[in-house]
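So this one's data-v2.cif, mmCIF, N, CA and C atoms:
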data_run
loop_
_atom_site.group_PDB
_atom_site.id
_atom_site.type_symbol
_atom_site.label_atom_id
_atom_site.label_comp_id
_atom_site.auth_asym_id
_atom_site.auth_seq_id
_atom_site.Cartn_x
_atom_site.Cartn_y
_atom_site.Cartn_z
ATOM 1 N N MET A 23 81.928 107.538 94.014
ATOM 2 C CA MET A 23 82.205 106.527 93.006
ATOM 3 C C MET A 23 83.709 106.328 92.837
ATOM 4 N N ALA A 24 84.474 107.424 92.907
ATOM 5 C CA ALA A 24 85.925 107.321 92.737
ATOM 6 C C ALA A 24 86.550 106.510 93.865
ATOM 7 N N VAL A 25 86.048 106.693 95.083
ATOM 8 C CA VAL A 25 86.589 105.947 96.220
ATOM 9 C C VAL A 25 86.313 104.458 96.047
ATOM 10 N N PHE A 26 85.138 104.114 95.545
ATOM 11 C CA PHE A 26 84.814 102.708 95.306
ATOM 12 C C PHE A 26 85.778 102.090 94.292
ATOM 13 N N LEU A 27 86.055 102.801 93.211
ATOM 14 C CA LEU A 27 86.964 102.284 92.191
ATOM 15 C C LEU A 27 88.377 102.124 92.738
ATOM 16 N N ILE A 28 88.791 103.057 93.574
ATOM 17 C CA ILE A 28 90.123 102.957 94.175
ATOM 18 C C ILE A 28 90.186 101.745 95.101
ATOM 19 N N ARG A 29 89.144 101.571 95.909
ATOM 20 C CA ARG A 29 89.140 100.422 96.820
ATOM 21 C C ARG A 29 89.051 99.101 96.067
ATOM 22 N N PHE A 30 88.341 99.080 94.962
ATOM 23 C CA PHE A 30 88.297 97.876 94.132
ATOM 24 C C PHE A 30 89.679 97.594 93.542
ATOM 25 N N SER A 31 90.377 98.638 93.120
ATOM 26 C CA SER A 31 91.741 98.477 92.614
ATOM 27 C C SER A 31 92.667 97.948 93.701
ATOM 28 N N VAL A 32 92.477 98.433 94.917
ATOM 29 C CA VAL A 32 93.282 97.950 96.043
ATOM 30 C C VAL A 32 92.997 96.473 96.287
ATOM 31 N N PHE A 33 91.742 96.064 96.181
ATOM 32 C CA PHE A 33 91.397 94.654 96.331
ATOM 33 C C PHE A 33 92.101 93.803 95.273
ATOM 34 N N LEU A 34 92.067 94.262 94.024
ATOM 35 C CA LEU A 34 92.735 93.521 92.951
ATOM 36 C C LEU A 34 94.247 93.462 93.163
ATOM 37 N N LEU A 35 94.829 94.578 93.615
ATOM 38 C CA LEU A 35 96.265 94.583 93.890
ATOM 39 C C LEU A 35 96.609 93.680 95.077
ATOM 40 N N GLY A 36 95.724 93.607 96.050
ATOM 41 C CA GLY A 36 95.938 92.687 97.172
ATOM 42 C C GLY A 36 95.935 91.237 96.709
ATOM 43 N N ALA A 37 95.012 90.917 95.822
ATOM 44 C CA ALA A 37 94.979 89.561 95.256
ATOM 45 C C ALA A 37 96.243 89.287 94.439
ATOM 46 N N THR A 38 96.721 90.312 93.745
ATOM 47 C CA THR A 38 97.966 90.176 92.990
ATOM 48 C C THR A 38 99.147 89.929 93.921
ATOM 49 N N ALA A 39 99.192 90.635 95.045
ATOM 50 C CA ALA A 39 100.279 90.452 96.021
ATOM 51 C C ALA A 39 100.260 89.036 96.591
ATOM 52 N N VAL A 40 99.073 88.513 96.871
ATOM 53 C CA VAL A 40 98.974 87.141 97.366
ATOM 54 C C VAL A 40 99.455 86.167 96.287
ATOM 55 N N GLY A 41 99.090 86.430 95.041
ATOM 56 C CA GLY A 41 99.554 85.588 93.939
ATOM 57 C C GLY A 41 101.067 85.618 93.780
ATOM 58 N N ILE A 42 101.645 86.802 93.908
ATOM 59 C CA ILE A 42 103.107 86.929 93.810
ATOM 60 C C ILE A 42 103.770 86.170 94.948
ATOM 61 N N ALA A 43 103.195 86.239 96.131
ATOM 62 C CA ALA A 43 103.764 85.529 97.272
ATOM 63 C C ALA A 43 103.620 84.014 97.122
ATOM 64 N N ALA A 44 102.616 83.551 96.400
ATOM 65 C CA ALA A 44 102.389 82.116 96.235
ATOM 66 C C ALA A 44 103.209 81.504 95.110
ATOM 67 N N VAL A 45 103.749 82.313 94.230
ATOM 68 C CA VAL A 45 104.489 81.794 93.072
ATOM 69 C C VAL A 45 105.673 80.915 93.472
ATOM 70 N N PRO A 46 106.527 81.319 94.433
ATOM 71 C CA PRO A 46 107.650 80.436 94.781
ATOM 72 C C PRO A 46 107.207 79.059 95.287
ATOM 73 N N ILE A 47 106.119 79.017 96.024
ATOM 74 C CA ILE A 47 105.622 77.735 96.524
ATOM 75 C C ILE A 47 105.164 76.863 95.363
ATOM 76 N N LEU A 48 104.448 77.456 94.421
ATOM 77 C CA LEU A 48 103.964 76.690 93.262
ATOM 78 C C LEU A 48 105.122 76.189 92.411
ATOM 79 N N VAL A 49 106.148 77.016 92.241
ATOM 80 C CA VAL A 49 107.322 76.606 91.460
ATOM 81 C C VAL A 49 108.041 75.450 92.146
ATOM 82 N N MET A 50 108.207 75.547 93.458
ATOM 83 C CA MET A 50 108.890 74.466 94.186
ATOM 84 C C MET A 50 108.088 73.158 94.116
ATOM 85 N N ILE A 51 106.777 73.250 94.232
ATOM 86 C CA ILE A 51 105.950 72.044 94.140
ATOM 87 C C ILE A 51 106.091 71.418 92.757
ATOM 88 N N ASP A 52 106.117 72.255 91.714
ATOM 89 C CA ASP A 52 106.272 71.739 90.354
ATOM 90 C C ASP A 52 107.654 71.107 90.164
ATOM 91 N N LEU A 53 108.706 71.753 90.679
ATOM 92 C CA LEU A 53 110.055 71.198 90.545
ATOM 93 C C LEU A 53 110.198 69.889 91.311
ATOM 94 N N LEU A 54 109.630 69.809 92.492
ATOM 95 C CA LEU A 54 109.719 68.570 93.269
ATOM 96 C C LEU A 54 108.958 67.436 92.613
ATOM 97 N N GLY A 55 107.932 67.770 91.865
ATOM 98 C CA GLY A 55 107.163 66.756 91.150
ATOM 99 C C GLY A 55 107.804 66.341 89.831
ATOM 100 N N GLY A 56 108.984 66.860 89.528
ATOM 101 C CA GLY A 56 109.672 66.499 88.297
ATOM 102 C C GLY A 56 109.369 67.420 87.134
ATOM 103 N N GLY A 57 108.690 68.528 87.386
ATOM 104 C CA GLY A 57 108.353 69.470 86.327
ATOM 105 C C GLY A 57 109.485 70.433 86.027
ATOM 106 N N THR A 58 109.177 71.417 85.233
ATOM 107 C CA THR A 58 110.182 72.395 84.823
ATOM 108 C C THR A 58 110.150 73.649 85.688
ATOM 109 N N GLY A 59 109.322 73.690 86.696
ATOM 110 C CA GLY A 59 109.209 74.900 87.514
ATOM 111 C C GLY A 59 108.553 76.013 86.736
ATOM 112 N N TYR A 60 107.578 75.646 85.901
ATOM 113 C CA TYR A 60 106.869 76.592 85.023
ATOM 114 C C TYR A 60 107.845 77.380 84.158
ATOM 115 N N GLY A 61 108.835 76.670 83.616
ATOM 116 C CA GLY A 61 109.788 77.286 82.698
ATOM 117 C C GLY A 61 111.049 77.813 83.356
ATOM 118 N N LEU A 62 111.168 77.721 84.666
ATOM 119 C CA LEU A 62 112.357 78.220 85.348
ATOM 120 C C LEU A 62 113.581 77.390 84.983
ATOM 121 N N CYS A 63 113.439 76.090 84.970
ATOM 122 C CA CYS A 63 114.496 75.176 84.524
ATOM 123 C C CYS A 63 113.892 74.297 83.434
ATOM 124 N N ALA A 64 114.261 74.579 82.209
ATOM 125 C CA ALA A 64 113.613 73.930 81.057
ATOM 126 C C ALA A 64 113.742 72.415 81.073
ATOM 127 N N GLY A 65 114.853 71.880 81.532
ATOM 128 C CA GLY A 65 115.045 70.435 81.533
ATOM 129 C C GLY A 65 114.768 69.792 82.868
ATOM 130 N N GLY A 66 114.155 70.485 83.768
ATOM 131 C CA GLY A 66 113.919 69.961 85.106
ATOM 132 C C GLY A 66 115.030 70.403 86.047
ATOM 133 N N LEU A 67 114.943 70.018 87.277
ATOM 134 C CA LEU A 67 115.885 70.480 88.296
ATOM 135 C C LEU A 67 117.291 69.944 88.072
ATOM 136 N N GLU A 68 117.411 68.708 87.607
ATOM 137 C CA GLU A 68 118.732 68.112 87.412
ATOM 138 C C GLU A 68 119.462 68.706 86.213
ATOM 139 N N ALA A 69 118.743 69.160 85.200
ATOM 140 C CA ALA A 69 119.367 69.683 83.986
ATOM 141 C C ALA A 69 119.278 71.206 83.910
ATOM 142 N N CYS A 70 119.124 71.871 85.039
ATOM 143 C CA CYS A 70 119.007 73.329 85.052
ATOM 144 C C CYS A 70 120.346 73.948 84.662
ATOM 145 N N ASP A 71 120.320 74.917 83.743
ATOM 146 C CA ASP A 71 121.559 75.529 83.249
ATOM 147 C C ASP A 71 122.299 76.281 84.341
ATOM 148 N N LYS A 72 121.576 77.119 85.074
ATOM 149 C CA LYS A 72 122.179 77.944 86.123
ATOM 150 C C LYS A 72 121.435 77.675 87.432
ATOM 151 N N PRO A 73 121.738 76.575 88.102
ATOM 152 C CA PRO A 73 120.918 76.207 89.256
ATOM 153 C C PRO A 73 121.008 77.183 90.433
ATOM 154 N N TYR A 74 122.101 77.923 90.553
ATOM 155 C CA TYR A 74 122.247 78.817 91.707
ATOM 156 C C TYR A 74 121.763 80.222 91.412
ATOM 157 N N SER A 75 122.121 80.766 90.255
ATOM 158 C CA SER A 75 121.738 82.140 89.951
ATOM 159 C C SER A 75 120.275 82.263 89.524
ATOM 160 N N THR A 76 119.683 81.206 89.016
ATOM 161 C CA THR A 76 118.289 81.262 88.588
ATOM 162 C C THR A 76 117.374 81.571 89.770
ATOM 163 N N ALA A 77 117.597 80.923 90.882
ATOM 164 C CA ALA A 77 116.762 81.154 92.066
ATOM 165 C C ALA A 77 116.943 82.574 92.591
ATOM 166 N N ALA A 78 118.166 83.085 92.571
ATOM 167 C CA ALA A 78 118.416 84.442 93.056
ATOM 168 C C ALA A 78 117.743 85.475 92.154
ATOM 169 N N GLU A 79 117.856 85.305 90.843
ATOM 170 C CA GLU A 79 117.198 86.217 89.913
ATOM 171 C C GLU A 79 115.683 86.177 90.105
ATOM 172 N N PHE A 80 115.147 85.000 90.270
ATOM 173 C CA PHE A 80 113.720 84.807 90.473
ATOM 174 C C PHE A 80 113.263 85.501 91.759
ATOM 175 N N ALA A 81 114.040 85.338 92.824
ATOM 176 C CA ALA A 81 113.691 85.953 94.111
ATOM 177 C C ALA A 81 113.748 87.475 94.030
ATOM 178 N N ILE A 82 114.726 88.012 93.335
ATOM 179 C CA ILE A 82 114.852 89.465 93.200
ATOM 180 C C ILE A 82 113.666 90.037 92.426
ATOM 181 N N VAL A 83 113.310 89.398 91.331
ATOM 182 C CA VAL A 83 112.178 89.880 90.527
ATOM 183 C C VAL A 83 110.882 89.821 91.328
ATOM 184 N N LEU A 84 110.661 88.731 92.045
ATOM 185 C CA LEU A 84 109.432 88.613 92.842
ATOM 186 C C LEU A 84 109.410 89.613 93.994
ATOM 187 N N THR A 85 110.557 89.865 94.614
ATOM 188 C CA THR A 85 110.623 90.830 95.713
ATOM 189 C C THR A 85 110.322 92.235 95.218
ATOM 190 N N ILE A 86 110.902 92.609 94.092
ATOM 191 C CA ILE A 86 110.643 93.934 93.522
ATOM 192 C C ILE A 86 109.171 94.069 93.144
ATOM 193 N N ALA A 87 108.606 93.028 92.546
ATOM 194 C CA ALA A 87 107.186 93.073 92.164
ATOM 195 C C ALA A 87 106.295 93.186 93.394
ATOM 196 N N LEU A 88 106.628 92.472 94.460
ATOM 197 C CA LEU A 88 105.827 92.535 95.681
ATOM 198 C C LEU A 88 105.916 93.911 96.333
ATOM 199 N N PHE A 89 107.111 94.481 96.402
ATOM 200 C CA PHE A 89 107.271 95.821 96.973
ATOM 201 C C PHE A 89 106.537 96.866 96.142
ATOM 202 N N ALA A 90 106.595 96.749 94.825
ATOM 203 C CA ALA A 90 105.889 97.704 93.970
ATOM 204 C C ALA A 90 104.374 97.589 94.165
ATOM 205 N N THR A 91 103.885 96.375 94.312
ATOM 206 C CA THR A 91 102.460 96.172 94.534
ATOM 207 C C THR A 91 102.019 96.760 95.869
ATOM 208 N N VAL A 92 102.784 96.508 96.918
ATOM 209 C CA VAL A 92 102.442 97.035 98.238
ATOM 210 C C VAL A 92 102.532 98.560 98.252
ATOM 211 N N LEU A 93 103.533 99.119 97.595
ATOM 212 C CA LEU A 93 103.656 100.574 97.508
ATOM 213 C C LEU A 93 102.453 101.186 96.790
ATOM 214 N N THR A 94 102.022 100.562 95.718
ATOM 215 C CA THR A 94 100.851 101.054 94.989
ATOM 216 C C THR A 94 99.594 100.964 95.843
ATOM 217 N N ILE A 95 99.452 99.884 96.604
ATOM 218 C CA ILE A 95 98.307 99.749 97.503
ATOM 219 C C ILE A 95 98.312 100.879 98.528
ATOM 220 N N ARG A 96 99.464 101.158 99.116
ATOM 221 C CA ARG A 96 99.545 102.227 100.123
ATOM 222 C C ARG A 96 99.192 103.582 99.530
ATOM 223 N N LEU A 97 99.697 103.859 98.335
ATOM 224 C CA LEU A 97 99.400 105.139 97.701
ATOM 225 C C LEU A 97 97.915 105.268 97.356
ATOM 226 N N LEU A 98 97.326 104.195 96.867
ATOM 227 C CA LEU A 98 95.897 104.237 96.538
ATOM 228 C C LEU A 98 95.036 104.391 97.795
ATOM 229 N N MET A 99 95.413 103.739 98.875
ATOM 230 C CA MET A 99 94.653 103.893 100.117
ATOM 231 C C MET A 99 94.774 105.311 100.668
ATOM 232 N N ARG A 100 95.944 105.904 100.545
ATOM 233 C CA ARG A 100 96.116 107.296 100.973
ATOM 234 C C ARG A 100 95.242 108.225 100.136
ATOM 235 N N LEU A 101 95.200 107.971 98.823
ATOM 236 C CA LEU A 101 94.345 108.773 97.940
ATOM 237 C C LEU A 101 92.871 108.590 98.291
ATOM 238 N N ALA A 102 92.456 107.361 98.574
ATOM 239 C CA ALA A 102 91.059 107.103 98.934
ATOM 240 C C ALA A 102 90.694 107.825 100.227
ATOM 241 N N ARG A 103 91.586 107.794 101.214
ATOM 242 C CA ARG A 103 91.306 108.506 102.461
ATOM 243 C C ARG A 103 91.194 110.004 102.238
ATOM 244 N N ARG A 104 92.066 110.540 101.402
ATOM 245 C CA ARG A 104 92.029 111.977 101.122
ATOM 246 C C ARG A 104 90.733 112.355 100.403
ATOM 247 N N LEU A 105 90.323 111.558 99.429
ATOM 248 C CA LEU A 105 89.073 111.830 98.721
ATOM 249 C C LEU A 105 87.876 111.696 99.655
ATOM 250 N N GLN A 106 87.916 110.722 100.539
ATOM 251 C CA GLN A 106 86.811 110.527 101.461
ATOM 252 C C GLN A 106 86.739 111.664 102.483
ATOM 253 N N ASP A 107 87.878 112.136 102.965
ATOM 254 C CA ASP A 107 87.893 113.255 103.899
ATOM 255 C C ASP A 107 87.367 114.531 103.253
ATOM 256 N N ASP A 108 87.718 114.746 102.000
ATOM 257 C CA ASP A 108 87.251 115.927 101.291
ATOM 258 C C ASP A 108 85.736 115.900 101.080
ATOM 259 N N SER A 109 85.169 114.730 100.873
ATOM 260 C CA SER A 109 83.733 114.644 100.616
ATOM 261 C C SER A 109 82.914 114.777 101.894
ATOM 262 N N TYR A 110 83.522 114.555 103.057
ATOM 263 C CA TYR A 110 82.775 114.662 104.308
ATOM 264 C C TYR A 110 82.970 115.992 105.031
ATOM 265 N N GLN A 111 83.683 116.913 104.438
ATOM 266 C CA GLN A 111 83.878 118.211 105.085
ATOM 267 C C GLN A 111 82.567 119.002 105.098
ATOM 268 N N VAL A 112 82.373 119.708 106.190
ATOM 269 C CA VAL A 112 81.169 120.528 106.344
ATOM 270 C C VAL A 112 81.406 121.861 105.666
ATOM 271 N N THR A 113 80.498 122.226 104.798
ATOM 272 C CA THR A 113 80.615 123.521 104.115
ATOM 273 C C THR A 113 79.470 124.424 104.543
ATOM 274 N N ARG A 114 79.698 125.709 104.507
ATOM 275 C CA ARG A 114 78.651 126.658 104.909
ATOM 276 C C ARG A 114 78.085 127.343 103.714
#
Translate the structure of the given file into structure tokens.
Amino acid sequence: MAVFLIRFSVFLLGATAVGIAAVPILVMIDLLGGGTGYGLCAGGLEACDKPYSTAAEFAIVLTIALFATVLTIRLLMRLARRLQDDSYQVTR
């Protein structure tokens, strides 16, 4: 049961990683359509307060979040393998 829960958590984290990777595309589509980039530039692209540093800050936060998600997935998969190996050992 524990391995199933870990693998389900890995599935959810994988979906989260895909969502994090899709965020920049969604923001760019919103900005190109005249939107605010989901709050990134409150007045739109032309009235953005910090047009250069905003994108860099956004990219850094998304990169850190993606690396943390992937690291957590790797650790959970290692734990699942260890639990699965322990349950299949032959005992006398």
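In this structure, atom CA of Ala43 of chain A sits 22.7 Å away from atom N of Gly66 of chain A.
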If you count all atoms listed in the file, the residue of A:Cys63, A:Leu105, A:Ile51, A:Ile42 closest to Leu84 of chain A turns out to be A:Ile42
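Taking atom C of Ala90 of chain A and atom N of Ala39 of chain A as endpoints, the distance between them is 8.7 Å.
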Backbone DSSP call of alpha helix (DSSP H) for segment 38-95 of chain A, listed as a ChimeraX atom specification = /A:38-54,75-95
Find the spatial neighbours of Leu48 of chain A, counting only C-alpha atoms, within a cut-off of 12 Å - ignore same-chain residues fewer than 6 positions away - and output them as JSON, numbers by chain.
-> {"A": [41, 42, 54, 55, 57, 58, 59, 60, 62]}
